[in-house]
Every structure is written in C-alpha cells, then in structure tokens.
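**Student:** Please read through the structure below; I'll follow up with questions.
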Amino acid sequence: MAVATLAGAVGAVLMILIGQVLVRLGQDAAVVELTQTMLLALAPGLLPCLWFQAVRQFTVGMRRPQALLQITIASIVVNAGLNWILIHGTWGLPRLGLTGIGVATSTVHLLSFVALYVSAKRDGELAPLLTLNAAKADPATVRRLVGLGVPIAATYGSEAGFFSVTALMAGAFGPAALAAHTAVNQLVYIVFQVAVGLSHAASIHVSRELALGRTDNARRIKNTALACAAAVMAVVGAVYLTVPRLVLRPFLDSGSDQAPAIATQLLVVTAFLQFFDCAQNIGVGLLRGLDDTKSGFRITLIGYWAVGLPAAWLLAHPLGLDTLGIWLGLLTGLATTAALLLRRYSSSLAARTGTRSAVAPA
C-alpha cells in the first residue's frame, strides 16, 4: 500500500503534465482542451485505483477473489449511472461532458477500493493478514516487491505507452480517425480483460505447480490458458466481422459516416490482433509464475517499440494506409511480442527441468 500510494501520487502528477504538452504533439486544439480537463478529473482517482489493485492482487494471490467479481460488476453499473448523470447534467447537476467521465471514474475507483477492503476485512482468512499501516512494512519484503513489481509495472507501462503513441499517430489524421481509433481501442481493452484474468490465473498456478515439483502441469497450464483465450477470441472476432456496425454503435455517433467507416476497417484487423494480444499477456503471466519479470519487460521493448511502432509508422505514412496502417503495425508488434514471450517461457521451463534432472542422481 505504501508503494502504491507513492506510485499513485507520482502518476497523478505525470498525467496532469502530459495534458499540458499535448498541444505540442500535433493534436487538434479542441481535443487537447477537452483532454486536459478530463485528465485533471482523472488524476486524483489514480490513488484509490492503485490501492484497489494492491488489495485485489492480495486477494487473488490468496486464491479468494470471489468478492472481486461482485464489486467489479457493481462498479460497472455505478460507473455507467454516474457517467450519464455527470455528462448530461441530470437531476440539476452541472453538465460536465467529458470531464464528468473523469469525475465518475475517480469516484468509482474510490468506492471500489473501500468496498473491496471492507469485504477483505470481513474474511476470516484474509483479515489477519491485511493491514494498511505502512510503518509495519518489512523492508526486505518491500525490496522484494519492488524488485518484482517494477519490471511488471514497466511491462504494462511499455504496452500502455505503445498504444498511447499510436493514439497520437491516429490523432494526426484528424478527429474522425482519432474517434475510430479510440472506439476500437476501447473494445480491445474490454476483451483484453479476459486475457488479464487468464494471465493472473496462469501465473498463480504455474508458481504453485513448480513449488510442488510438477513441471509437466506447468507446461499444460500454458496450453490450457492459450486454448481458452483462443476460443473466446474466435467468438468475439466472428461478432466483429459479422455485425461491426452493431458493435460500434455504443461508441460512435451514427450520424457521422467517416468515423464508423474507419472503425469498421479497424475491426477487421482487431479480429486477428486480439489473438496475439491475449497470447502476449498470458506469456507475461507465465513468466511471472517463474519469478521472471525482467524478461517480460525486455521482450516488450523489442516487440512493441523495436518492431511494432516502426511498422505502424511505415504502414501509416510512407505506405499511405493511415489509421489502418497503425493497427496493422499494432498487430505486428503484438504478434512478435507473443512469440518471443512464449518461446522464453518454454525455454526457461525446459532449463529448469534439465537442471532438476541433472541434480536428482546426486
């Protein structure tokens, strides 16, 4: 919780500063103004967001995530209601527009943290282990958490930065392209949560199986997680390809032809991109189960920044594919990252098996 608090404070300041430099990055002035006010509303919510994540990972690591699902579903309902009220100024409240989304998001982060913490404190198994007193933190544990956590955070930051830069690239093609990019990216983010769940589950179970000396089970966990992800992504991809307008309707104004047309093209790429997006996230989780968090970060630097971003720029600008080229570059980067991560996991697991076999006779 102490580390989460520090990270949240630093992150909130960075969010506000990023909003101030957007105008120098070639973005539309009207878009920049809306973004700056929204970031001001979002920044305070980063603290309870990270507090929630700290307690969430604690409950998941203890294999007691039941309350998490209920709270998450409730937060979606509350978030939707608050968004509607604050965006449109319902019940006499001021009409805040996009800023209302930021206020609603920060509020829901705070409510979600309080709900999860209270639920954990009521659990007889979790309550004795859960304390928010930073003064009682063991320095050795803090160092271990930071040692494992910083590469994990850097990995997620690398991915978030990769997608953020591509959003800036899309914004350079105009508001319609940016709207289409943002809508499809939001769809990817929603479906990505399936991969996040599988990644966490794979990480916990791989760690457990290796601790029990069952390497074959650890190998099967990889195959099972990938198969589950592939099944879900196949269904989602089929929906994207058959009814794209229906999928995009909640995100884009139906009165505009340009943005939905661009987004429909992007959905075709997304139908295939999601397979690699899920695979690379599961790969990160598998390596985390081996206590290897640094390899994941290094591989994402290669896949996202050395392969994906140059490919996106090349396809979007020199080859003239515009926003479609950006998403083909995203696909290329995610596919490269997924292949490298899964290969790294297989080789690390094989090395562990070989070392154990060599030591066994002695």
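The way I read the labels, and the way they are meant: chains A, B, ... in the order of the structure tokens, residue 1 as the first residue of every chain, and ligand 1 as the first ligand shown, with later ones counted on from there.
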Pull the helix (DSSP H, G or I) assignments for range 61-219 of chain A out of DSSP run on the backbone, and list those residues as number ranges by chain.

**Tutor:** A: 61, 66-88, 90-92, 98-121, 127-129, 134-136, 139-171, 175-211, 215-219

**Student:** Mind dumping the selected residues with C-alpha atoms as a tab-separated table (two decimals), in the first residue's frame?

**Tutor:**
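That gives us again-v5.tsv:
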chain	number	residue	atom	x	y	z
A	61	GLY	CA	-2.81	-14.32	-4.57
A	66	GLN	CA	-14.90	-14.12	-5.03
A	67	ALA	CA	-15.83	-10.63	-3.78
A	68	LEU	CA	-13.76	-9.07	-6.55
A	69	LEU	CA	-16.19	-10.17	-9.26
A	70	GLN	CA	-19.22	-8.83	-7.42
A	71	ILE	CA	-17.58	-5.49	-6.73
A	72	THR	CA	-16.38	-5.17	-10.32
A	73	ILE	CA	-19.87	-5.82	-11.71
A	74	ALA	CA	-21.35	-3.30	-9.26
A	75	SER	CA	-18.72	-0.74	-10.23
A	76	ILE	CA	-19.71	-1.04	-13.90
A	77	VAL	CA	-23.33	-0.25	-13.04
A	78	VAL	CA	-22.36	2.66	-10.77
A	79	ASN	CA	-19.89	3.98	-13.33
A	80	ALA	CA	-22.49	3.92	-16.09
A	81	GLY	CA	-25.01	5.75	-13.91
A	82	LEU	CA	-22.54	8.40	-12.78
A	83	ASN	CA	-21.30	8.90	-16.33
A	84	TRP	CA	-24.83	9.54	-17.55
A	85	ILE	CA	-25.64	11.92	-14.70
A	86	LEU	CA	-22.40	13.93	-14.86
A	87	ILE	CA	-22.03	14.03	-18.64
A	88	HIS	CA	-25.58	15.26	-19.29
A	90	THR	CA	-29.13	15.08	-14.88
A	91	TRP	CA	-31.09	15.97	-11.72
A	92	GLY	CA	-29.99	19.59	-11.68
A	98	LEU	CA	-16.06	14.57	-20.89
A	99	THR	CA	-14.90	15.96	-17.56
A	100	GLY	CA	-17.85	14.17	-15.99
A	101	ILE	CA	-16.36	10.88	-17.17
A	102	GLY	CA	-13.17	11.70	-15.28
A	103	VAL	CA	-15.08	12.63	-12.11
A	104	ALA	CA	-17.19	9.46	-12.34
A	105	THR	CA	-14.13	7.27	-12.90
A	106	SER	CA	-12.26	8.70	-9.91
A	107	THR	CA	-15.34	8.31	-7.72
A	108	VAL	CA	-15.85	4.68	-8.75
A	109	HIS	CA	-12.17	3.89	-8.08
A	110	LEU	CA	-12.58	5.20	-4.52
A	111	LEU	CA	-15.86	3.33	-3.91
A	112	SER	CA	-14.42	0.10	-5.36
A	113	PHE	CA	-11.38	0.27	-3.08
A	114	VAL	CA	-13.50	0.87	0.03
A	115	ALA	CA	-15.85	-1.99	-0.89
A	116	LEU	CA	-13.03	-4.48	-1.55
A	117	TYR	CA	-11.13	-3.51	1.60
A	118	VAL	CA	-14.23	-3.86	3.79
A	119	SER	CA	-15.01	-7.22	2.17
A	120	ALA	CA	-11.45	-8.49	2.76
A	121	LYS	CA	-11.52	-7.37	6.40
A	127	ALA	CA	-8.37	-10.08	7.73
A	128	PRO	CA	-5.42	-11.08	9.99
A	129	LEU	CA	-3.02	-10.58	7.08
A	134	ALA	CA	2.93	1.36	6.21
A	135	ALA	CA	5.06	1.64	9.36
A	136	LYS	CA	4.73	-2.14	9.84
A	139	PRO	CA	11.92	-3.61	4.48
A	140	ALA	CA	13.05	-6.91	2.95
A	141	THR	CA	9.53	-7.59	1.69
A	142	VAL	CA	9.29	-4.08	0.27
A	143	ARG	CA	12.56	-4.59	-1.61
A	144	ARG	CA	11.34	-7.92	-2.98
A	145	LEU	CA	8.01	-6.42	-4.01
A	146	VAL	CA	9.72	-3.51	-5.72
A	147	GLY	CA	12.23	-5.84	-7.38
A	148	LEU	CA	9.43	-7.95	-8.83
A	149	GLY	CA	6.92	-5.17	-9.27
A	150	VAL	CA	8.96	-2.54	-11.10
A	151	PRO	CA	9.58	-4.77	-14.17
A	152	ILE	CA	5.89	-5.77	-14.13
A	153	ALA	CA	4.86	-2.12	-13.98
A	154	ALA	CA	7.37	-1.28	-16.69
A	155	THR	CA	5.91	-4.06	-18.86
A	156	TYR	CA	2.37	-2.71	-18.53
A	157	GLY	CA	3.73	0.81	-18.95
A	158	SER	CA	5.53	-0.23	-22.11
A	159	GLU	CA	2.29	-1.59	-23.54
A	160	ALA	CA	0.26	1.43	-22.44
A	161	GLY	CA	2.89	3.75	-23.88
A	162	PHE	CA	2.87	1.82	-27.14
A	163	PHE	CA	-0.90	2.20	-27.51
A	164	SER	CA	-0.75	5.85	-26.39
A	165	VAL	CA	1.81	6.74	-29.04
A	166	THR	CA	-0.31	5.05	-31.70
A	167	ALA	CA	-3.27	7.16	-30.48
A	168	LEU	CA	-1.17	10.27	-31.06
A	169	MET	CA	-0.35	8.96	-34.52
A	170	ALA	CA	-4.06	8.42	-35.21
A	171	GLY	CA	-4.86	11.93	-33.96
A	175	PRO	CA	-10.73	13.87	-35.23
A	176	ALA	CA	-12.62	11.15	-37.17
A	177	ALA	CA	-9.56	8.90	-37.28
A	178	LEU	CA	-8.89	9.51	-33.58
A	179	ALA	CA	-12.53	8.76	-32.70
A	180	ALA	CA	-12.42	5.49	-34.66
A	181	HIS	CA	-9.07	4.52	-33.13
A	182	THR	CA	-10.32	5.27	-29.60
A	183	ALA	CA	-13.58	3.34	-30.05
A	184	VAL	CA	-11.86	0.22	-31.35
A	185	ASN	CA	-9.12	0.51	-28.74
A	186	GLN	CA	-11.82	0.58	-26.05
A	187	LEU	CA	-13.30	-2.62	-27.46
A	188	VAL	CA	-9.87	-4.24	-27.38
A	189	TYR	CA	-9.43	-3.12	-23.78
A	190	ILE	CA	-12.76	-4.65	-22.72
A	191	VAL	CA	-11.98	-8.02	-24.31
A	192	PHE	CA	-8.40	-7.77	-23.02
A	193	GLN	CA	-9.75	-8.33	-19.50
A	194	VAL	CA	-10.29	-11.98	-20.44
A	195	ALA	CA	-6.56	-12.24	-21.08
A	196	VAL	CA	-5.79	-10.43	-17.83
A	197	GLY	CA	-7.80	-12.99	-15.86
A	198	LEU	CA	-6.18	-15.91	-17.65
A	199	SER	CA	-2.75	-14.33	-17.18
A	200	HIS	CA	-3.19	-13.98	-13.41
A	201	ALA	CA	-4.62	-17.48	-13.10
A	202	ALA	CA	-1.76	-18.95	-15.14
A	203	SER	CA	0.83	-17.07	-13.08
A	204	ILE	CA	-0.53	-18.28	-9.74
A	205	HIS	CA	-0.95	-21.89	-10.85
A	206	VAL	CA	2.45	-22.11	-12.57
A	207	SER	CA	4.10	-20.85	-9.39
A	208	ARG	CA	2.17	-23.40	-7.34
A	209	GLU	CA	2.91	-26.35	-9.65
A	210	LEU	CA	6.62	-25.57	-9.78
A	211	ALA	CA	6.75	-25.29	-6.00
A	215	THR	CA	6.76	-29.28	-14.25
A	216	ASP	CA	4.50	-31.13	-16.68
A	217	ASN	CA	1.46	-29.50	-15.08
A	218	ALA	CA	3.09	-26.09	-15.52
A	219	ARG	CA	3.52	-26.83	-19.22

**Student:** Name all residues at most 9 Å from range 304-307 of chain A (count only C-alpha atoms; drop same-chain ones fewer than 3 positions away) and give them as a PyMOL selection string.

**Tutor:** chain A and resi 158-159+162+299-301+310-312+329-330+332-334+336-337

**Student:** Let's have the selection written as a compact mmCIF listing (two decimals), in the first residue's frame, with C-alpha atoms.

**Tutor:**
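Listed below is the output, result-v1.txt:
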# COMPACT_ATOMS: atom_id res chain seq x y z
CA SER A 158 5.53 -0.23 -22.11
CA GLU A 159 2.29 -1.59 -23.54
CA PHE A 162 2.87 1.82 -27.14
CA ILE A 299 10.76 -8.60 -24.69
CA THR A 300 8.01 -5.97 -24.80
CA LEU A 301 10.62 -3.32 -25.58
CA PRO A 310 8.30 1.36 -36.70
CA ALA A 311 5.90 -0.96 -38.55
CA ALA A 312 2.94 1.26 -37.61
CA GLY A 329 1.62 -2.17 -37.00
CA LEU A 330 -0.02 -2.90 -33.64
CA THR A 332 2.80 -6.91 -35.96
CA GLY A 333 4.19 -5.73 -32.62
CA LEU A 334 1.83 -7.84 -30.53
CA THR A 336 6.22 -10.55 -32.27
CA THR A 337 5.90 -10.00 -28.51

**Student:** When you count only C-alpha atoms, which of these residues is closest to Pro244 in chain A: A:Pro260, A:Gly19, A:Gly45, A:Pro94?

**Tutor:**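 Under the stated criterion, the closest residue is A:Pro260.
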